[in-house]
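So this one's work33.txt, compact mmCIF, C-alpha atoms (C1' of nucleotides):
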```txt
# COMPACT_ATOMS: atom_id res chain seq x y z
CA MET A 115 124.11 85.76 -14.33
CA ALA A 116 121.93 88.53 -13.05
CA ARG A 117 121.27 89.59 -16.58
CA LEU A 118 119.12 86.57 -17.30
CA LEU A 119 116.20 88.39 -15.81
CA GLN A 120 116.55 91.39 -18.04
CA GLU A 121 116.50 89.45 -21.25
CA ILE A 122 113.17 87.83 -20.62
CA GLU A 123 109.94 88.84 -22.31
CA PRO A 124 107.59 91.36 -20.79
CA ALA A 125 105.24 88.43 -20.27
CA PRO A 126 106.04 86.19 -17.34
CA VAL A 127 108.68 83.72 -18.34
CA ALA A 128 110.43 81.22 -16.18
CA CYS A 129 113.72 82.53 -15.37
CA CYS A 130 115.64 84.06 -13.45
CA THR A 131 118.17 85.73 -11.47
CA PRO A 132 120.19 83.20 -9.60
CA VAL A 133 119.30 83.13 -5.99
CA VAL A 134 122.98 83.33 -5.28
CA SER A 135 123.74 86.38 -7.38
CA PRO A 136 124.71 89.46 -5.49
CA ASP A 137 121.95 91.70 -4.18
CA ILE A 138 118.91 90.86 -6.18
CA SER A 139 116.23 93.52 -6.25
CA SER A 140 112.76 93.23 -4.81
CA ASP A 141 111.39 92.81 -8.31
CA GLN A 142 113.79 90.02 -9.06
CA ALA A 143 112.96 88.36 -5.78
CA GLN A 144 109.30 88.57 -6.66
CA THR A 145 109.82 87.05 -10.08
CA LEU A 146 111.75 84.18 -8.60
CA ALA A 147 109.20 83.70 -5.85
CA ALA A 148 106.46 83.51 -8.48
CA ILE A 149 108.22 80.61 -10.13
CA PHE A 150 108.71 78.79 -6.85
CA LYS A 151 105.08 79.47 -6.04
CA ALA A 152 104.13 77.68 -9.22
CA LEU A 153 106.09 74.65 -8.02
CA ALA A 154 104.87 74.90 -4.44
CA ASP A 155 102.16 72.30 -4.76
CA GLN A 156 102.44 68.55 -4.78
CA HIS A 157 100.14 68.15 -7.76
CA ARG A 158 102.06 70.64 -9.84
CA VAL A 159 105.33 68.95 -8.93
CA ARG A 160 103.88 65.71 -10.19
CA ILE A 161 102.70 67.38 -13.37
CA VAL A 162 106.21 68.60 -14.07
CA ASN A 163 107.60 65.20 -13.26
CA LEU A 164 105.15 63.45 -15.53
CA LEU A 165 105.96 65.83 -18.35
CA ALA A 166 109.67 65.42 -17.77
CA ASN A 167 109.30 61.70 -18.29
CA ALA A 168 106.96 61.96 -21.22
CA PRO A 169 108.55 61.70 -24.63
CA GLU A 170 105.86 63.87 -26.11
CA PRO A 171 103.27 66.43 -25.09
CA VAL A 172 100.61 65.12 -22.74
CA CYS A 173 96.87 65.51 -23.08
CA VAL A 174 94.89 67.09 -20.24
CA CYS A 175 92.69 64.02 -20.10
CA ASP A 176 95.73 61.98 -19.05
CA PHE A 177 96.48 64.13 -16.04
CA MET A 178 93.11 63.71 -14.40
CA PRO A 179 93.35 59.99 -13.59
CA GLN A 180 97.02 60.33 -12.70
CA LEU A 181 96.42 63.09 -10.21
CA GLY A 182 92.99 62.08 -9.05
CA LEU A 183 91.65 65.59 -9.41
CA ALA A 184 88.59 67.04 -11.07
CA GLN A 185 88.98 68.41 -14.57
CA GLY A 186 88.62 72.02 -13.55
CA THR A 187 91.25 71.61 -10.88
CA VAL A 188 93.71 70.15 -13.34
CA SER A 189 93.18 73.10 -15.65
CA PHE A 190 93.76 75.38 -12.69
CA HIS A 191 97.15 73.83 -11.96
CA LEU A 192 98.23 73.71 -15.58
CA LYS A 193 97.41 77.37 -15.91
CA LYS A 194 99.66 78.22 -12.99
CA LEU A 195 102.61 76.43 -14.50
CA LEU A 196 101.86 77.91 -17.89
CA ALA A 197 101.73 81.41 -16.45
CA VAL A 198 105.32 81.33 -15.27
CA GLY A 199 106.60 79.88 -18.51
CA LEU A 200 107.37 76.39 -17.31
CA LEU A 201 104.91 74.74 -19.69
CA GLU A 202 103.78 75.05 -23.25
CA ARG A 203 100.28 74.52 -24.54
CA GLU A 204 99.31 73.15 -27.89
CA GLN A 205 95.79 72.70 -29.21
CA ARG A 206 95.12 69.65 -31.33
CA GLY A 207 91.51 69.58 -32.35
CA THR A 208 89.45 69.20 -29.22
CA TRP A 209 92.42 68.24 -27.13
CA ALA A 210 94.96 70.39 -25.37
CA TYR A 211 98.49 69.06 -25.05
CA TYR A 212 101.00 70.33 -22.57
CA SER A 213 104.73 69.94 -22.57
CA LEU A 214 107.67 71.05 -20.51
CA LYS A 215 109.81 73.96 -21.55
CA ARG A 216 113.07 72.19 -20.96
CA ASP A 217 115.17 75.31 -21.30
CA ALA A 218 113.19 77.02 -18.56
CA LEU A 219 113.89 74.10 -16.29
CA ASN A 220 117.55 74.16 -17.12
CA ARG A 221 117.77 77.84 -16.30
CA LEU A 222 116.05 77.11 -13.03
CA ALA A 223 118.85 74.72 -12.18
CA ASP A 224 121.30 77.54 -12.68
CA VAL A 225 119.46 79.61 -10.13
CA PHE A 226 120.90 77.43 -7.43
CA THR A 227 124.31 77.06 -8.90
CA MET A 228 126.95 78.93 -7.02
CA LYS A 229 129.63 80.65 -8.92
CA GLU A 230 132.56 82.44 -7.46
CA ALA A 231 133.28 84.79 -10.30
CA VAL A 232 130.82 86.47 -12.61
CA ALA A 233 133.48 87.50 -15.06
CA MET B 669 116.11 63.46 -2.14
CA ALA B 670 113.71 62.46 -4.80
CA ARG B 671 114.98 63.01 -8.22
CA LEU B 672 112.44 65.00 -10.07
CA LEU B 673 113.60 64.40 -13.54
CA GLN B 674 114.54 61.08 -14.85
CA GLU B 675 115.84 59.89 -18.07
CA ILE B 676 113.42 60.06 -20.89
CA GLU B 677 111.92 56.73 -21.73
CA PRO B 678 109.90 55.65 -24.69
CA ALA B 679 106.27 55.17 -23.76
CA PRO B 680 103.44 53.41 -25.52
CA VAL B 681 101.18 55.72 -27.41
CA ALA B 682 97.44 55.32 -27.15
CA CYS B 683 94.52 57.61 -27.73
CA CYS B 684 95.85 60.43 -25.67
CA THR B 685 99.54 59.83 -25.16
CA PRO B 686 99.78 57.95 -21.90
CA VAL B 687 102.11 59.21 -19.30
CA VAL B 688 105.20 57.26 -18.50
CA SER B 689 105.35 55.01 -15.50
CA PRO B 690 108.46 56.04 -13.59
CA ASP B 691 106.83 58.79 -11.62
CA ILE B 692 107.85 60.12 -8.32
CA SER B 693 105.56 59.10 -5.49
CA SER B 694 103.04 61.37 -3.84
CA ASP B 695 105.25 61.51 -0.79
CA GLN B 696 108.23 62.59 -2.83
CA ALA B 697 106.13 65.19 -4.60
CA GLN B 698 104.99 66.52 -1.27
CA THR B 699 108.53 66.74 0.07
CA LEU B 700 109.66 68.64 -2.98
CA ALA B 701 106.64 70.90 -2.87
CA ALA B 702 107.41 71.72 0.75
CA ILE B 703 110.85 72.96 -0.26
CA PHE B 704 109.46 75.06 -3.07
CA LYS B 705 106.83 76.38 -0.69
CA ALA B 706 109.61 77.59 1.56
CA LEU B 707 111.02 79.53 -1.38
CA ALA B 708 107.65 80.77 -2.59
CA ASP B 709 107.87 84.17 -0.98
CA GLN B 710 109.80 87.21 -2.09
CA HIS B 711 111.16 87.91 1.37
CA ARG B 712 112.43 84.38 1.80
CA VAL B 713 114.05 84.50 -1.61
CA ARG B 714 115.86 87.63 -0.52
CA ILE B 715 116.91 86.00 2.72
CA VAL B 716 118.47 83.12 0.81
CA ASN B 717 120.08 85.56 -1.56
CA LEU B 718 121.52 87.64 1.24
CA LEU B 719 122.88 84.56 2.96
CA ALA B 720 124.35 83.24 -0.27
CA ASN B 721 126.39 86.41 -0.58
CA ALA B 722 127.34 86.68 3.05
CA PRO B 723 130.75 85.30 3.91
CA GLU B 724 129.65 84.78 7.49
CA PRO B 725 126.44 83.78 9.24
CA VAL B 726 124.00 86.66 9.50
CA CYS B 727 122.33 87.97 12.64
CA VAL B 728 118.54 88.25 12.75
CA CYS B 729 118.86 91.90 13.61
CA ASP B 730 120.50 92.45 10.23
CA PHE B 731 117.60 91.05 8.30
CA MET B 732 114.98 93.38 9.74
CA PRO B 733 116.24 96.61 8.18
CA GLN B 734 117.13 94.81 4.94
CA LEU B 735 113.67 93.36 4.50
CA GLY B 736 111.68 96.12 6.15
CA LEU B 737 109.67 93.66 8.20
CA ALA B 738 108.80 93.46 11.87
CA GLN B 739 110.96 91.26 14.03
CA GLY B 740 108.33 88.61 14.53
CA THR B 741 107.73 88.38 10.81
CA VAL B 742 111.42 87.86 10.13
CA SER B 743 111.52 85.03 12.65
CA PHE B 744 108.49 83.55 10.93
CA HIS B 745 110.23 83.47 7.57
CA LEU B 746 113.51 82.17 8.94
CA LYS B 747 111.67 79.37 10.63
CA LYS B 748 110.10 78.30 7.35
CA LEU B 749 113.44 78.08 5.63
CA LEU B 750 114.95 76.34 8.61
CA ALA B 751 112.17 73.77 8.67
CA VAL B 752 112.99 72.45 5.21
CA GLY B 753 116.70 72.31 5.88
CA LEU B 754 117.77 75.21 3.74
CA LEU B 755 119.19 77.18 6.65
CA GLU B 756 121.21 76.57 9.74
CA ARG B 757 120.78 78.34 13.06
CA GLU B 758 123.51 79.13 15.51
CA GLN B 759 123.04 80.76 18.88
CA ARG B 760 125.74 83.18 20.00
CA GLY B 761 124.83 84.65 23.32
CA THR B 762 121.64 86.61 22.92
CA TRP B 763 121.95 86.65 19.17
CA ALA B 764 120.85 84.13 16.61
CA TYR B 765 122.91 83.71 13.48
CA TYR B 766 121.64 82.07 10.33
CA SER B 767 123.58 80.64 7.44
CA LEU B 768 122.86 78.85 4.22
CA LYS B 769 123.23 75.11 3.91
CA ARG B 770 125.11 75.16 0.65
CA ASP B 771 124.85 71.46 0.06
CA ALA B 772 121.06 71.67 0.27
CA LEU B 773 121.06 74.31 -2.44
CA ASN B 774 123.33 72.24 -4.61
CA ARG B 775 121.05 69.24 -4.31
CA LEU B 776 118.16 71.46 -5.27
CA ALA B 777 119.98 72.36 -8.45
CA ASP B 778 120.22 68.68 -9.28
CA VAL B 779 116.47 68.36 -9.07
CA PHE B 780 116.19 70.35 -12.25
CA THR B 781 119.14 68.93 -14.04
CA MET B 782 118.00 67.17 -17.12
CA LYS B 783 119.62 64.06 -18.43
CA GLU B 784 119.02 64.62 -22.10
CA ALA B 785 118.23 61.56 -24.10
CA VAL B 786 118.67 61.32 -27.80
CA ALA B 787 115.29 62.04 -29.18
C1' DA C 148 118.34 88.88 42.07
C1' DG C 149 116.90 92.47 38.80
C1' DA C 150 117.00 95.07 34.48
C1' DG C 151 117.67 94.99 29.39
C1' DA C 152 117.89 93.14 25.02
C1' DA C 153 117.30 89.59 21.27
C1' DG C 154 114.40 86.68 19.23
C1' DA C 155 110.73 83.05 19.29
C1' DT C 156 105.80 82.42 19.90
C1' DT C 157 100.91 83.68 20.13
C1' DG C 158 96.41 85.79 18.69
C1' DA C 159 93.97 88.16 15.49
C1' DC C 160 92.87 89.69 10.92
C1' DG C 161 92.86 90.11 6.00
C1' DT C 162 94.44 87.89 1.77
C1' DT C 163 95.49 84.12 -1.11
C1' DT C 164 95.13 79.28 -2.50
C1' DC C 165 92.92 74.87 -3.51
C1' DT C 166 88.97 72.38 -4.49
C1' DC C 167 84.63 71.08 -6.52
C1' DG C 168 80.32 71.47 -9.15
C1' DA C 169 78.32 74.02 -12.69
C1' DT C 170 78.52 76.59 -16.79
C1' DC C 171 80.46 78.18 -21.11
C1' DA C 172 83.12 78.01 -25.66
C1' DA C 173 85.01 75.55 -29.18
C1' DT C 174 85.66 71.48 -31.90
C1' DA C 175 84.17 67.03 -33.95
C1' DC C 176 80.74 63.74 -35.63
C1' DT C 177 76.59 62.35 -37.14
C1' DA D 380 71.23 71.94 -37.42
C1' DG D 381 71.98 68.94 -33.39
C1' DT D 382 74.61 66.40 -30.17
C1' DA D 383 78.72 64.91 -27.74
C1' DT D 384 83.15 65.88 -25.92
C1' DT D 385 87.17 68.53 -24.29
C1' DG D 386 88.84 71.90 -21.54
C1' DA D 387 88.65 76.80 -19.70
C1' DT D 388 86.24 79.73 -16.43
C1' DC D 389 83.17 81.07 -12.71
C1' DG D 390 81.21 80.95 -7.83
C1' DA D 391 81.60 79.46 -3.37
C1' DG D 392 83.53 77.44 0.73
C1' DA D 393 87.44 75.70 3.50
C1' DA D 394 92.17 75.84 4.53
C1' DA D 395 96.66 77.95 4.47
C1' DC D 396 99.54 82.09 4.44
C1' DG D 397 101.73 86.70 5.77
C1' DT D 398 101.57 90.40 8.80
C1' DC D 399 101.74 93.00 13.06
C1' DA D 400 101.41 94.05 18.04
C1' DA D 401 101.88 91.87 22.22
C1' DT D 402 103.75 88.46 25.06
C1' DC D 403 106.91 84.97 26.55
C1' DT D 404 111.84 82.94 27.00
C1' DT D 405 116.50 83.08 27.20
C1' DC D 406 120.77 85.18 27.70
C1' DT D 407 123.94 89.04 29.49
C1' DC D 408 125.50 92.25 32.57
C1' DT D 409 125.14 94.88 36.78
```

Let me see whether you can do it: turn the structure in this file into structure tokens.
Amino acid sequence: MARLLQEIEPAPVACCTPVVSPDISSDQAQTLAAIFKALADQHRVRIVNLLANAPEPVCVCDFMPQLGLAQGTVSFHLKKLLAVGLLEREQRGTWAYYSLKRDALNRLADVFTMKEAVA
Amino acid sequence: MARLLQEIEPAPVACCTPVVSPDISSDQAQTLAAIFKALADQHRVRIVNLLANAPEPVCVCDFMPQLGLAQGTVSFHLKKLLAVGLLEREQRGTWAYYSLKRDALNRLADVFTMKEAVA
DNA sequence: AGAGAAGATTGACGTTTCTCGATCAATACT
DNA sequence: AGTATTGATCGAGAAACGTCAATCTTCTCT
């Protein structure tokens, strides 16, 4: 379980050493904290939720009315989620579409899963 | 607790891919964000990790050397985790012992659990 | 009652975060 | 070329956060 952190890219990617794995290092704690920090805002939680329910990538212009935030602020939040590898960005002409990285989310669920044996 | 991820539903497609309707409310988003906020710090992640591996409740005095923080700061962090229901506090004489609320962690894991729909 | 010890709380200070309006870069359409 | 339009970035101000030293508060033991 603790090896999940080692196999990630040099770039920040969502995932993770389980919070329940034995003796995580300061670095690992920091990586995990960074991911939680990205989720530690009500607007970003809603973004993730909206994307989770969306069958396809969502355009930035759709987030603004949903969240009631200025365009620059929406970009700010999307960037935070992107930075930790929770989201994916795709450019289509003038528009930017964002989608959830489902596997990152799944690995995040494992972070909280308690296991007795680590084989 | 609010379920973050729901089953994927087909949504009408317009100019910019409208977002689906079954969102979580602002209140629910705020509640979730508060929990993530409690975990959005490397020291608090380590506290949870240490508690997850401890067979018994842990004394405050044990956290200080582990985290390398002043006593007041440790209390500050423990209070944050306590406030969102992740920890439990038990007074034993002069000492205060903290332990993890395992069920709270398990429910947190469910927040990320994806019910995959057939695309 | 008085002395000690553990831990919670307070006050102060520097850092980070969120927000908006404004600007900039890139793409699309006349 | 010229003009919109989308979205990223910048600058600034307000609020929230993390930290420590100092100060309670509570409990224990003489």

Distance criterion (all atoms listed in the file): nearest to chain B out of A:Ser213, A:Gln205, A:Asn220, A:Thr187:
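Of A:Ser213, A:Gln205, A:Asn220, A:Thr187, the one nearest chain B is A:Asn220, counting all atoms listed in the file.
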
Counting all atoms listed in the file, which residues in chain C sit no more than 12 Å from chain A? For each one, give the nearest pair of atoms and the distance in Å, sorted by chain then residue number, as a tab-separated table.
```
residue	atom	partner	partner_atom	distance
C:DT163	C1'	A:Lys151	CA	11.7
C:DT164	C1'	A:Asp155	CA	10.2
C:DC165	C1'	A:Thr187	CA	8.2
C:DT166	C1'	A:Thr187	CA	6.8
C:DC167	C1'	A:Ala184	CA	7.3
C:DG168	C1'	A:Gly186	CA	9.4
C:DA169	C1'	A:Gly186	CA	10.5
C:DT170	C1'	A:Gly186	CA	11.5
C:DA172	C1'	A:Thr208	CA	11.4
C:DA173	C1'	A:Thr208	CA	7.7
C:DT174	C1'	A:Thr208	CA	5.2
C:DA175	C1'	A:Thr208	CA	7.4
```

Within 12 Å of chain B: residues of chain D, using all atoms listed in the file, as number ranges by chain:
D: 385, 395-402, 404-408

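Closest approach to chain B from the set A:Ala197, A:Ser189, A:Gln142, A:Gln156 is made by A:Gln156, with distances taken over all atoms listed in the file.
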
Have a look at atom CA of B:Ala777 and atom CA of A:Cys173 and let me know their distance in Å, one decimal.
28.2 Å

At most 9 Å to chain B: residues in chain A, all atoms listed in the file, as a PyMOL selection string
chain A and resi 132-160+162-177+180+209+216+219-228

Six-sided padding of 4 Å per side, axis-aligned box over stretch 383-391 of chain D, centre and edges in Å, one decimal, as AutoDock Vina command-line options:
```
--center_x 83.8 --center_y 73.0 --center_z -15.6 --size_x 18.1 --size_y 24.2 --size_z 32.4
```

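Rounded to one decimal, atom CA of B:Lys769 and atom CA of B:Leu746 lie 13.0 Å from each other.
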
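With atom CA of B:Leu755 on one side and atom C1' of C:DT157 on the other, the separation reads 23.6 Å.
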
Exercise: C:DC176 partners within 12 Å, only C-alpha atoms (C1' of nucleotides), chain neighbours under 5 positions left out, as a VMD selection string:
chain D and resid 381 to 384

Repair of stretch 752-785 of chain B at the level of N, CA and C atoms, as a JSON list (two decimals), in the coordinates of the input:
```json
[["chain", "number", "residue", "atom", "x", "y", "z"],
["B", 752, "VAL", "N", 112.75, 73.34, 6.35],
["B", 752, "VAL", "CA", 112.99, 72.45, 5.21],
["B", 752, "VAL", "C", 114.47, 72.20, 4.99],
["B", 753, "GLY", "N", 115.28, 72.64, 5.94],
["B", 753, "GLY", "CA", 116.70, 72.31, 5.88],
["B", 753, "GLY", "C", 117.54, 73.17, 4.96],
["B", 754, "LEU", "N", 117.01, 74.32, 4.61],
["B", 754, "LEU", "CA", 117.77, 75.21, 3.74],
["B", 754, "LEU", "C", 118.72, 76.08, 4.53],
["B", 755, "LEU", "N", 118.39, 76.29, 5.80],
["B", 755, "LEU", "CA", 119.19, 77.18, 6.65],
["B", 755, "LEU", "C", 119.70, 76.44, 7.88],
["B", 756, "GLU", "N", 120.65, 77.09, 8.51],
["B", 756, "GLU", "CA", 121.21, 76.57, 9.74],
["B", 756, "GLU", "C", 121.18, 77.68, 10.78],
["B", 757, "ARG", "N", 120.89, 77.33, 12.01],
["B", 757, "ARG", "CA", 120.78, 78.34, 13.06],
["B", 757, "ARG", "C", 121.87, 78.13, 14.10],
["B", 758, "GLU", "N", 122.44, 79.21, 14.52],
["B", 758, "GLU", "CA", 123.51, 79.13, 15.51],
["B", 758, "GLU", "C", 123.29, 80.21, 16.56],
["B", 759, "GLN", "N", 123.27, 79.80, 17.80],
["B", 759, "GLN", "CA", 123.04, 80.76, 18.88],
["B", 759, "GLN", "C", 124.39, 81.26, 19.40],
["B", 760, "ARG", "N", 124.52, 82.59, 19.44],
["B", 760, "ARG", "CA", 125.74, 83.18, 20.00],
["B", 760, "ARG", "C", 125.31, 84.19, 21.04],
["B", 761, "GLY", "N", 125.29, 83.76, 22.26],
["B", 761, "GLY", "CA", 124.83, 84.65, 23.32],
["B", 761, "GLY", "C", 123.37, 84.94, 23.11],
["B", 762, "THR", "N", 123.03, 86.22, 23.11],
["B", 762, "THR", "CA", 121.64, 86.61, 22.92],
["B", 762, "THR", "C", 121.24, 86.56, 21.45],
["B", 763, "TRP", "N", 122.24, 86.55, 20.59],
["B", 763, "TRP", "CA", 121.95, 86.65, 19.17],
["B", 763, "TRP", "C", 121.80, 85.30, 18.49],
["B", 764, "ALA", "N", 121.02, 85.33, 17.42],
["B", 764, "ALA", "CA", 120.85, 84.13, 16.61],
["B", 764, "ALA", "C", 121.41, 84.41, 15.22],
["B", 765, "TYR", "N", 122.30, 83.55, 14.79],
["B", 765, "TYR", "CA", 122.91, 83.71, 13.48],
["B", 765, "TYR", "C", 122.44, 82.62, 12.54],
["B", 766, "TYR", "N", 122.12, 83.03, 11.33],
["B", 766, "TYR", "CA", 121.64, 82.07, 10.33],
["B", 766, "TYR", "C", 122.62, 82.01, 9.18],
["B", 767, "SER", "N", 122.74, 80.81, 8.62],
["B", 767, "SER", "CA", 123.58, 80.64, 7.44],
["B", 767, "SER", "C", 122.93, 79.65, 6.50],
["B", 768, "LEU", "N", 123.40, 79.69, 5.27],
["B", 768, "LEU", "CA", 122.86, 78.85, 4.22],
["B", 768, "LEU", "C", 123.48, 77.46, 4.27],
["B", 769, "LYS", "N", 122.68, 76.45, 4.07],
["B", 769, "LYS", "CA", 123.23, 75.11, 3.91],
["B", 769, "LYS", "C", 123.51, 74.89, 2.43],
["B", 770, "ARG", "N", 124.74, 75.15, 2.08],
["B", 770, "ARG", "CA", 125.11, 75.16, 0.65],
["B", 770, "ARG", "C", 124.84, 73.82, -0.03],
["B", 771, "ASP", "N", 125.05, 72.76, 0.69],
["B", 771, "ASP", "CA", 124.85, 71.46, 0.06],
["B", 771, "ASP", "C", 123.37, 71.24, -0.29],
["B", 772, "ALA", "N", 122.49, 71.79, 0.54],
["B", 772, "ALA", "CA", 121.06, 71.67, 0.27],
["B", 772, "ALA", "C", 120.71, 72.39, -1.02],
["B", 773, "LEU", "N", 121.30, 73.55, -1.21],
["B", 773, "LEU", "CA", 121.06, 74.31, -2.44],
["B", 773, "LEU", "C", 121.59, 73.56, -3.65],
["B", 774, "ASN", "N", 122.75, 72.97, -3.49],
["B", 774, "ASN", "CA", 123.33, 72.24, -4.61],
["B", 774, "ASN", "C", 122.45, 71.05, -5.00],
["B", 775, "ARG", "N", 121.91, 70.37, -4.00],
["B", 775, "ARG", "CA", 121.05, 69.24, -4.31],
["B", 775, "ARG", "C", 119.78, 69.70, -5.01],
["B", 776, "LEU", "N", 119.34, 70.90, -4.63],
["B", 776, "LEU", "CA", 118.16, 71.46, -5.27],
["B", 776, "LEU", "C", 118.42, 71.72, -6.75],
["B", 777, "ALA", "N", 119.62, 72.13, -7.04],
["B", 777, "ALA", "CA", 119.98, 72.36, -8.45],
["B", 777, "ALA", "C", 119.88, 71.06, -9.23],
["B", 778, "ASP", "N", 120.25, 69.98, -8.60],
["B", 778, "ASP", "CA", 120.22, 68.68, -9.28],
["B", 778, "ASP", "C", 118.80, 68.24, -9.62],
["B", 779, "VAL", "N", 117.86, 68.73, -8.83],
["B", 779, "VAL", "CA", 116.47, 68.36, -9.07],
["B", 779, "VAL", "C", 116.03, 68.76, -10.47],
["B", 780, "PHE", "N", 116.60, 69.85, -10.94],
["B", 780, "PHE", "CA", 116.19, 70.35, -12.25],
["B", 780, "PHE", "C", 117.11, 69.92, -13.37],
["B", 781, "THR", "N", 118.17, 69.28, -13.02],
["B", 781, "THR", "CA", 119.14, 68.93, -14.04],
["B", 781, "THR", "C", 118.62, 67.81, -14.91],
["B", 782, "MET", "N", 118.59, 68.08, -16.16],
["B", 782, "MET", "CA", 118.00, 67.17, -17.12],
["B", 782, "MET", "C", 119.05, 66.28, -17.75],
["B", 783, "LYS", "N", 118.75, 65.00, -17.72],
["B", 783, "LYS", "CA", 119.62, 64.06, -18.43],
["B", 783, "LYS", "C", 119.04, 63.91, -19.83],
["B", 784, "GLU", "N", 119.57, 64.62, -20.75],
["B", 784, "GLU", "CA", 119.02, 64.62, -22.10],
["B", 784, "GLU", "C", 119.21, 63.28, -22.77],
["B", 785, "ALA", "N", 118.15, 62.78, -23.32],
["B", 785, "ALA", "CA", 118.23, 61.56, -24.10],
["B", 785, "ALA", "C", 118.16, 61.92, -25.57]]
```
